[in-house]
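Structure data (compact mmCIF, C-alpha atoms) from data-v7.txt:
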# COMPACT_ATOMS: atom_id res chain seq x y z
CA MET A 1 368.80 26.99 -13.17
CA LYS A 2 368.75 27.31 -16.97
CA TYR A 3 365.11 26.20 -16.98
CA GLN A 4 364.15 28.84 -14.41
CA ASP A 5 365.86 31.54 -16.50
CA ASN A 6 364.26 30.14 -19.65
CA MET A 7 360.78 30.14 -18.09
CA GLN A 8 361.21 33.74 -17.01
CA ALA A 9 362.33 34.66 -20.53
CA VAL A 10 359.21 32.98 -21.96
CA GLY A 11 357.17 34.90 -19.39
CA ARG A 12 358.61 38.19 -20.64
CA LEU A 13 357.04 37.45 -24.04
CA GLN A 14 353.69 37.72 -22.27
CA PRO A 15 351.91 34.57 -23.48
CA ASP A 16 348.29 34.37 -22.35
CA TYR A 17 348.87 30.85 -21.00
CA MET A 18 352.03 29.06 -19.88
CA GLY A 19 351.98 25.31 -19.38
CA PHE A 20 353.83 23.16 -16.85
CA ILE A 21 353.73 19.41 -17.39
CA PHE A 22 353.03 17.33 -14.28
CA TYR A 23 353.18 13.97 -16.06
CA ASP A 24 356.23 12.01 -14.96
CA LYS A 25 356.51 9.99 -18.19
CA SER A 26 356.97 13.15 -20.24
CA PRO A 27 360.47 14.36 -21.19
CA ARG A 28 359.13 17.81 -20.21
CA PHE A 29 358.12 16.68 -16.71
CA PHE A 30 358.12 19.69 -14.38
CA ASP A 31 359.33 19.09 -10.82
CA THR A 32 360.66 22.44 -9.72
CA GLU A 33 359.23 25.78 -8.63
CA ILE A 34 357.38 28.03 -11.07
CA PRO A 35 359.20 31.38 -11.22
CA LYS A 36 357.30 34.57 -10.49
CA LEU A 37 355.20 35.50 -13.51
CA THR A 38 352.98 38.49 -14.18
CA GLU A 39 349.33 38.10 -13.21
CA THR A 40 348.30 38.36 -16.87
CA ILE A 41 349.80 34.92 -17.60
CA THR A 42 347.47 32.02 -16.84
CA LYS A 43 349.63 29.37 -15.13
CA THR A 44 348.46 26.05 -16.53
CA GLY A 45 349.14 22.58 -15.15
CA VAL A 46 349.18 19.75 -17.71
CA PHE A 47 348.04 16.34 -16.43
CA VAL A 48 347.40 12.87 -17.86
CA ASP A 49 344.84 10.74 -15.98
CA ALA A 50 346.30 11.96 -12.69
CA ASP A 51 344.84 11.10 -9.31
CA LEU A 52 342.43 13.91 -8.40
CA ASP A 53 344.12 14.49 -5.05
CA LYS A 54 347.42 15.01 -6.89
CA VAL A 55 345.81 17.57 -9.22
CA PHE A 56 344.28 19.48 -6.31
CA GLN A 57 347.65 19.39 -4.54
CA MET A 58 349.46 20.89 -7.56
CA ILE A 59 346.77 23.56 -8.01
CA GLU A 60 347.32 24.61 -4.40
CA LYS A 61 351.11 24.35 -4.43
CA HIS A 62 351.69 26.29 -7.65
CA ASP A 63 348.62 28.56 -7.57
CA LEU A 64 347.54 27.21 -10.95
CA LYS A 65 344.83 29.14 -12.80
CA ALA A 66 344.06 26.49 -15.43
CA ILE A 67 344.52 22.78 -16.02
CA GLN A 68 344.94 20.96 -19.30
CA LEU A 69 343.83 17.32 -19.30
CA HIS A 70 345.60 15.11 -21.85
CA GLY A 71 344.28 11.69 -20.90
CA ILE A 72 340.90 9.95 -21.01
CA GLU A 73 339.52 11.94 -18.08
CA SER A 74 335.74 11.65 -17.83
CA ALA A 75 333.25 14.49 -17.71
CA GLU A 76 332.63 13.56 -14.06
CA TYR A 77 336.36 13.91 -13.35
CA CYS A 78 336.33 17.37 -14.94
CA ASN A 79 333.23 18.34 -13.00
CA THR A 80 334.93 17.45 -9.71
CA LEU A 81 337.78 19.79 -10.58
CA LYS A 82 335.38 22.68 -11.12
CA THR A 83 335.28 23.09 -7.33
CA SER A 84 338.75 24.68 -7.63
CA HIS A 85 337.27 27.50 -9.72
CA ILE A 86 340.00 27.30 -12.35
CA GLU A 87 339.80 26.99 -16.12
CA ILE A 88 339.56 23.45 -17.43
CA ILE A 89 340.95 22.61 -20.88
CA LYS A 90 340.13 19.11 -22.14
CA VAL A 91 342.37 17.74 -24.87
CA PHE A 92 341.23 15.59 -27.79
CA SER A 93 343.53 14.16 -30.44
CA ILE A 94 342.76 14.31 -34.16
CA ARG A 95 344.43 12.76 -37.18
CA ASN A 96 342.45 13.18 -40.40
CA GLU A 97 338.94 12.76 -39.05
CA PHE A 98 337.18 13.09 -35.71
CA ASN A 99 333.87 12.10 -34.14
CA PHE A 100 332.72 15.32 -32.49
CA ASP A 101 330.01 13.40 -30.57
CA VAL A 102 332.65 12.58 -27.93
CA LEU A 103 332.65 16.24 -26.88
CA GLN A 104 328.99 16.22 -25.87
CA PRO A 105 329.38 14.95 -22.24
CA TYR A 106 331.90 17.74 -21.55
CA GLU A 107 329.73 20.60 -22.80
CA GLY A 108 328.99 23.08 -20.03
CA ILE A 109 331.62 21.47 -17.78
CA VAL A 110 334.96 22.32 -19.36
CA ASP A 111 335.89 25.87 -20.32
CA TYR A 112 337.79 24.96 -23.48
CA PHE A 113 338.60 22.05 -25.73
CA LEU A 114 342.09 21.63 -27.14
CA PHE A 115 342.64 19.79 -30.43
CA ASP A 116 346.03 18.16 -30.76
CA THR A 117 347.60 15.80 -33.30
CA LYS A 118 346.97 12.11 -32.72
CA GLY A 119 350.37 10.41 -32.66
CA GLU A 120 352.59 8.04 -30.74
CA LEU A 121 352.98 10.50 -27.86
CA LEU A 122 350.31 12.17 -25.74
CA GLY A 123 351.58 15.52 -26.99
CA GLY A 124 354.65 17.04 -28.59
CA ASN A 125 354.46 14.84 -31.68
CA GLY A 126 355.72 17.71 -33.81
CA TYR A 127 353.28 17.60 -36.71
CA THR A 128 349.90 19.11 -37.48
CA PHE A 129 346.56 17.46 -38.14
CA ASP A 130 344.22 18.40 -40.99
CA TRP A 131 342.54 21.58 -39.74
CA ASN A 132 339.81 21.15 -42.35
CA VAL A 133 338.25 18.68 -39.90
CA LEU A 134 337.24 21.71 -37.82
CA LYS A 135 334.92 22.92 -40.57
CA ASP A 136 332.44 20.47 -39.03
CA TYR A 137 332.94 21.72 -35.47
CA PRO A 138 329.40 21.57 -33.99
CA SER A 139 330.01 23.30 -30.65
CA THR A 140 330.10 26.87 -29.38
CA THR A 141 332.74 26.01 -26.76
CA SER A 142 335.94 27.86 -27.62
CA TYR A 143 338.98 25.74 -28.42
CA PHE A 144 342.77 25.82 -28.51
CA LEU A 145 344.46 24.78 -31.76
CA SER A 146 347.53 22.67 -31.09
CA GLY A 147 349.76 20.02 -32.64
CA GLY A 148 353.15 20.65 -34.23
CA ILE A 149 352.62 24.37 -34.86
CA GLY A 150 355.79 26.24 -35.81
CA PHE A 151 357.12 28.89 -38.19
CA ASP A 152 356.09 26.89 -41.24
CA GLU A 153 352.46 27.24 -40.19
CA VAL A 154 352.34 31.06 -39.92
CA GLU A 155 350.74 31.64 -43.32
CA LYS A 156 348.47 28.63 -42.88
CA LEU A 157 347.39 30.02 -39.49
CA LYS A 158 346.59 33.41 -41.03
CA GLU A 159 344.47 31.69 -43.66
CA PHE A 160 342.77 29.59 -40.99
CA GLN A 161 341.90 32.72 -39.02
CA GLU A 162 339.94 33.92 -42.06
CA ASP A 163 338.10 30.60 -42.33
CA PRO A 164 334.67 30.08 -40.67
CA ALA A 165 336.18 26.95 -39.06
CA SER A 166 338.22 29.23 -36.81
CA LYS A 167 335.16 31.02 -35.40
CA TYR A 168 335.57 29.39 -31.98
CA CYS A 169 339.38 29.16 -32.05
CA TYR A 170 340.40 30.91 -28.86
CA ALA A 171 344.15 30.29 -28.71
CA ILE A 172 347.14 28.80 -30.55
CA ASP A 173 349.13 26.32 -28.48
CA VAL A 174 352.83 25.90 -29.36
CA ASN A 175 355.45 23.67 -27.85
CA SER A 176 357.81 21.16 -29.47
CA LYS A 177 358.61 23.18 -32.62
CA PHE A 178 360.13 25.89 -30.44
CA GLU A 179 362.37 23.72 -28.27
CA ILE A 180 366.13 23.50 -28.07
CA GLU A 181 365.60 20.35 -26.00
CA PRO A 182 362.51 19.08 -24.14
CA GLY A 183 361.37 21.81 -21.77
CA LEU A 184 363.89 24.41 -22.97
CA LYS A 185 362.37 26.97 -25.32
CA ASN A 186 364.07 28.95 -28.08
CA ILE A 187 363.14 32.48 -27.00
CA ASN A 188 364.21 34.18 -30.24
CA GLU A 189 362.12 31.81 -32.34
CA LEU A 190 359.09 32.27 -30.09
CA GLU A 191 359.42 36.04 -30.27
CA LYS A 192 359.66 35.98 -34.07
CA PHE A 193 356.66 33.65 -34.31
CA LYS A 194 354.55 35.93 -32.11
CA HIS A 195 355.57 38.97 -34.17
CA GLU A 196 354.85 37.23 -37.51
CA LEU A 197 351.44 36.08 -36.35
CA GLN A 198 350.44 39.57 -35.25
CA HIS A 199 351.46 41.26 -38.50

How does the structure come out when it is put into C-alpha cells?
Amino acid sequence: MKYQDNMQAVGRLQPDYMGFIFYDKSPRFFDTEIPKLTETITKTGVFVDADLDKVFQMIEKHDLKAIQLHGIESAEYCNTLKTSHIEIIKVFSIRNEFNFDVLQPYEGIVDYFLFDTKGELLGGNGYTFDWNVLKDYPSTTSYFLSGGIGFDEVEKLKEFQEDPASKYCYAIDVNSKFEIEPGLKNINELEKFKHELQH
C-alpha cells in the first residue's frame, strides 16, 4: 500500500513521465497496479530485452504511453513496437566516451534516446557520466539525460542547459538519488529538486 500512496504522491508533483520497471531482476520491479494518474503524465514501462509479447501485454494491461528499453534491443525490435503507437525511448550507457555511430540504426524509429551512466547495474548506479561527451552529439533526435542525477547536480544542470550540447536535451530523468529504498521515492526531496531546477 505504501508504494501505491507513494506513486500517487509522485504523480501530484506532475512529472512529464513516470516510469514503472517491468524487469524482474531489478530491486524496483513493478508487479502491482498503476494508480490513477492525470492524463498529462506519460506512463512509461521500463523493459530489458523482454519478449515482445510480454511488452505488448504490459502496454495493454497498464495503458502505457511510452516504453523505455534498457537492454540491447535491436532497431528491428523497436520498429515492431511502433505498431502500438506509443513513444519509444532507447537507452544507451556512457562512461567517459561514447561511439555515437551505434545510434544510427535507430534514427527515425525511436522517438528519443536516453543516455545513462555505464556501471555494474542496468540503471540506478547512482553516479553521473561526463556530460561533455554530448558536445559531440551528431543527431537531431531529442534525448533524456539520466544517470545519478540528484540535488548536487542542480547547478551543473543549469550550466548544461546553457551549453550547446544540451540543444536536443528533452528531459531530465531522475531515480536512485531520490529514493528512501528501491521503488520508494522521497517526495519532499523531489519537490525541492523540481523547484530548484525551475528557478

Just checking: using only C-alpha atoms, which residue out of A:Pro35, A:Gly108, A:Gly183, A:Gly150 ends up closest to Asp5 of chain A?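 Using only C-alpha atoms, Asp5 of chain A sits closest to A:Pro35.
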
Padding of 8 Å on every side, edges along x, y and z, all listed atoms of segment 146-155 of chain A included: what centre and edge lengths in Å, to one decimal, does that box have, as AutoDock Vina command-line options?
--center_x 352.3 --center_y 25.8 --center_z -37.2 --size_x 25.6 --size_y 27.6 --size_z 28.2

Nearest residue to Pro15 of chain A out of A:Lys43, A:Lys36, A:Arg28, A:His85, using all atoms listed in the file?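 Ranked by minimum distance to Pro15 of chain A, first place goes to A:Lys43.
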
Pick out the residues sitting within 12 Å of Thr32 of chain A, and hand them over as an NGL selection string; count only C-alpha atoms, and ignore anything fewer than 3 positions along from it in its own chain. :A and (1-4 or 7 or 20-22 or 28-29 or 35 or 58 or 61-62)

Which is closest to Gln104 of chain A among A:Tyr17, A:Tyr137, A:Phe47, A:Tyr168, if we use only C-alpha atoms?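 For Gln104 of chain A, the nearest of the given residues is A:Tyr137.
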
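As for atom CA of Glu73 of chain A and atom CA of Asp136 of chain A, they are spaced 23.7 Å apart.
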
Taking (345.7, 29.2, -19.1) in the file's coordinates as the center, which residues reach within 9 Å of it, counting only C-alpha atoms, put as a list in words?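 Every residue inside that radius is included here: Asp16, Tyr17, Met18, Gly19, Ile41, Thr42, Lys43, Thr44, Gly45, Leu64, Lys65, Ala66, Ile67, Gln68, Glu87, Ile88 and Ile89 of chain A.
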
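With only C-alpha atoms as the atoms that count, the minimum distance from Asp163 of chain A to the choices A:Tyr112, A:Phe100, A:Trp131, A:Tyr143 is reached by A:Trp131.
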
Between atom CA of Gly147 of chain A and atom CA of Leu190 of chain A, what is the spacing in Å?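 Computing it gives 15.6 Å between the two atoms.
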
Saving segment 26-60 of chain A with N, CA and C atoms, as an mmCIF file, in the first residue's frame, what would that file be?
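Listed below is the output, part_36.cif:
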data_model
loop_
_atom_site.group_PDB
_atom_site.id
_atom_site.type_symbol
_atom_site.label_atom_id
_atom_site.label_comp_id
_atom_site.auth_asym_id
_atom_site.auth_seq_id
_atom_site.Cartn_x
_atom_site.Cartn_y
_atom_site.Cartn_z
ATOM 1 N N SER A 26 15.319 -6.415 -11.265
ATOM 2 C CA SER A 26 15.546 -5.104 -10.660
ATOM 3 C C SER A 26 14.942 -5.059 -9.258
ATOM 4 N N PRO A 27 15.646 -4.377 -8.309
ATOM 5 C CA PRO A 27 15.056 -4.199 -6.981
ATOM 6 C C PRO A 27 13.823 -3.295 -7.024
ATOM 7 N N ARG A 28 13.610 -2.627 -8.150
ATOM 8 C CA ARG A 28 12.449 -1.749 -8.321
ATOM 9 C C ARG A 28 11.369 -2.403 -9.179
ATOM 10 N N PHE A 29 11.447 -3.724 -9.311
ATOM 11 C CA PHE A 29 10.490 -4.460 -10.146
ATOM 12 C C PHE A 29 9.050 -4.131 -9.746
ATOM 13 N N PHE A 30 8.244 -3.787 -10.740
ATOM 14 C CA PHE A 30 6.865 -3.354 -10.508
ATOM 15 C C PHE A 30 5.906 -4.481 -10.862
ATOM 16 N N ASP A 31 5.135 -4.961 -9.875
ATOM 17 C CA ASP A 31 4.214 -6.072 -10.146
ATOM 18 C C ASP A 31 2.838 -5.828 -9.533
ATOM 19 N N THR A 32 2.472 -4.561 -9.477
ATOM 20 C CA THR A 32 1.161 -4.221 -8.922
ATOM 21 C C THR A 32 0.413 -3.347 -9.928
ATOM 22 N N GLU A 33 -0.667 -2.747 -9.492
ATOM 23 C CA GLU A 33 -1.454 -1.897 -10.382
ATOM 24 C C GLU A 33 -0.936 -0.457 -10.338
ATOM 25 N N ILE A 34 -0.928 0.197 -11.483
ATOM 26 C CA ILE A 34 -0.570 1.615 -11.531
ATOM 27 C C ILE A 34 -1.776 2.412 -11.023
ATOM 28 N N PRO A 35 -1.556 3.295 -10.043
ATOM 29 C CA PRO A 35 -2.694 4.084 -9.550
ATOM 30 C C PRO A 35 -3.172 5.059 -10.620
ATOM 31 N N LYS A 36 -4.335 5.600 -10.436
ATOM 32 C CA LYS A 36 -4.880 6.566 -11.399
ATOM 33 C C LYS A 36 -4.014 7.819 -11.396
ATOM 34 N N LEU A 37 -3.555 8.200 -12.571
ATOM 35 C CA LEU A 37 -2.717 9.387 -12.726
ATOM 36 C C LEU A 37 -3.388 10.337 -13.703
ATOM 37 N N THR A 38 -3.033 11.604 -13.634
ATOM 38 C CA THR A 38 -3.617 12.558 -14.584
ATOM 39 C C THR A 38 -3.118 12.248 -15.989
ATOM 40 N N GLU A 39 -3.917 12.620 -16.968
ATOM 41 C CA GLU A 39 -3.610 12.322 -18.374
ATOM 42 C C GLU A 39 -2.326 13.008 -18.850
ATOM 43 N N THR A 40 -1.904 14.050 -18.122
ATOM 44 C CA THR A 40 -0.707 14.788 -18.554
ATOM 45 C C THR A 40 0.581 14.012 -18.267
ATOM 46 N N ILE A 41 0.502 12.973 -17.431
ATOM 47 C CA ILE A 41 1.687 12.168 -17.106
ATOM 48 C C ILE A 41 1.780 11.007 -18.088
ATOM 49 N N THR A 42 2.919 10.891 -18.743
ATOM 50 C CA THR A 42 3.135 9.800 -19.688
ATOM 51 C C THR A 42 3.588 8.559 -18.920
ATOM 52 N N LYS A 43 2.691 7.573 -18.802
ATOM 53 C CA LYS A 43 3.022 6.328 -18.099
ATOM 54 C C LYS A 43 4.006 5.533 -18.942
ATOM 55 N N THR A 44 5.166 5.239 -18.355
ATOM 56 C CA THR A 44 6.265 4.646 -19.108
ATOM 57 C C THR A 44 6.674 3.297 -18.527
ATOM 58 N N GLY A 45 6.657 2.273 -19.351
ATOM 59 C CA GLY A 45 7.120 0.952 -18.930
ATOM 60 C C GLY A 45 8.595 0.791 -19.258
ATOM 61 N N VAL A 46 9.364 0.310 -18.287
ATOM 62 C CA VAL A 46 10.810 0.113 -18.470
ATOM 63 C C VAL A 46 11.078 -1.379 -18.618
ATOM 64 N N PHE A 47 11.740 -1.747 -19.719
ATOM 65 C CA PHE A 47 11.977 -3.158 -20.038
ATOM 66 C C PHE A 47 13.451 -3.396 -20.371
ATOM 67 N N VAL A 48 13.880 -4.635 -20.177
ATOM 68 C CA VAL A 48 15.251 -5.035 -20.524
ATOM 69 C C VAL A 48 15.188 -6.329 -21.339
ATOM 70 N N ASP A 49 15.392 -6.211 -22.645
ATOM 71 C CA ASP A 49 15.407 -7.383 -23.537
ATOM 72 C C ASP A 49 14.217 -8.309 -23.286
ATOM 73 N N ALA A 50 13.060 -7.721 -23.077
ATOM 74 C CA ALA A 50 11.859 -8.510 -22.786
ATOM 75 C C ALA A 50 11.290 -9.126 -24.065
ATOM 76 N N ASP A 51 10.613 -10.247 -23.903
ATOM 77 C CA ASP A 51 9.898 -10.863 -25.004
ATOM 78 C C ASP A 51 8.860 -9.857 -25.521
ATOM 79 N N LEU A 52 8.781 -9.717 -26.833
ATOM 80 C CA LEU A 52 7.880 -8.708 -27.411
ATOM 81 C C LEU A 52 6.435 -8.905 -26.976
ATOM 82 N N ASP A 53 6.005 -10.160 -26.899
ATOM 83 C CA ASP A 53 4.627 -10.427 -26.473
ATOM 84 C C ASP A 53 4.376 -9.882 -25.069
ATOM 85 N N LYS A 54 5.383 -10.030 -24.212
ATOM 86 C CA LYS A 54 5.283 -9.538 -22.827
ATOM 87 C C LYS A 54 5.140 -8.009 -22.824
ATOM 88 N N VAL A 55 5.925 -7.346 -23.668
ATOM 89 C CA VAL A 55 5.864 -5.879 -23.741
ATOM 90 C C VAL A 55 4.477 -5.437 -24.216
ATOM 91 N N PHE A 56 3.992 -6.063 -25.284
ATOM 92 C CA PHE A 56 2.655 -5.716 -25.786
ATOM 93 C C PHE A 56 1.584 -5.956 -24.718
ATOM 94 N N GLN A 57 1.756 -7.028 -23.967
ATOM 95 C CA GLN A 57 0.800 -7.371 -22.897
ATOM 96 C C GLN A 57 0.774 -6.284 -21.819
ATOM 97 N N MET A 58 1.963 -5.799 -21.429
ATOM 98 C CA MET A 58 2.047 -4.769 -20.390
ATOM 99 C C MET A 58 1.521 -3.420 -20.894
ATOM 100 N N ILE A 59 1.759 -3.130 -22.173
ATOM 101 C CA ILE A 59 1.227 -1.893 -22.769
ATOM 102 C C ILE A 59 -0.293 -1.897 -22.657
ATOM 103 N N GLU A 60 -0.875 -3.036 -23.013
ATOM 104 C CA GLU A 60 -2.339 -3.187 -22.983
ATOM 105 C C GLU A 60 -2.869 -3.151 -21.552
#
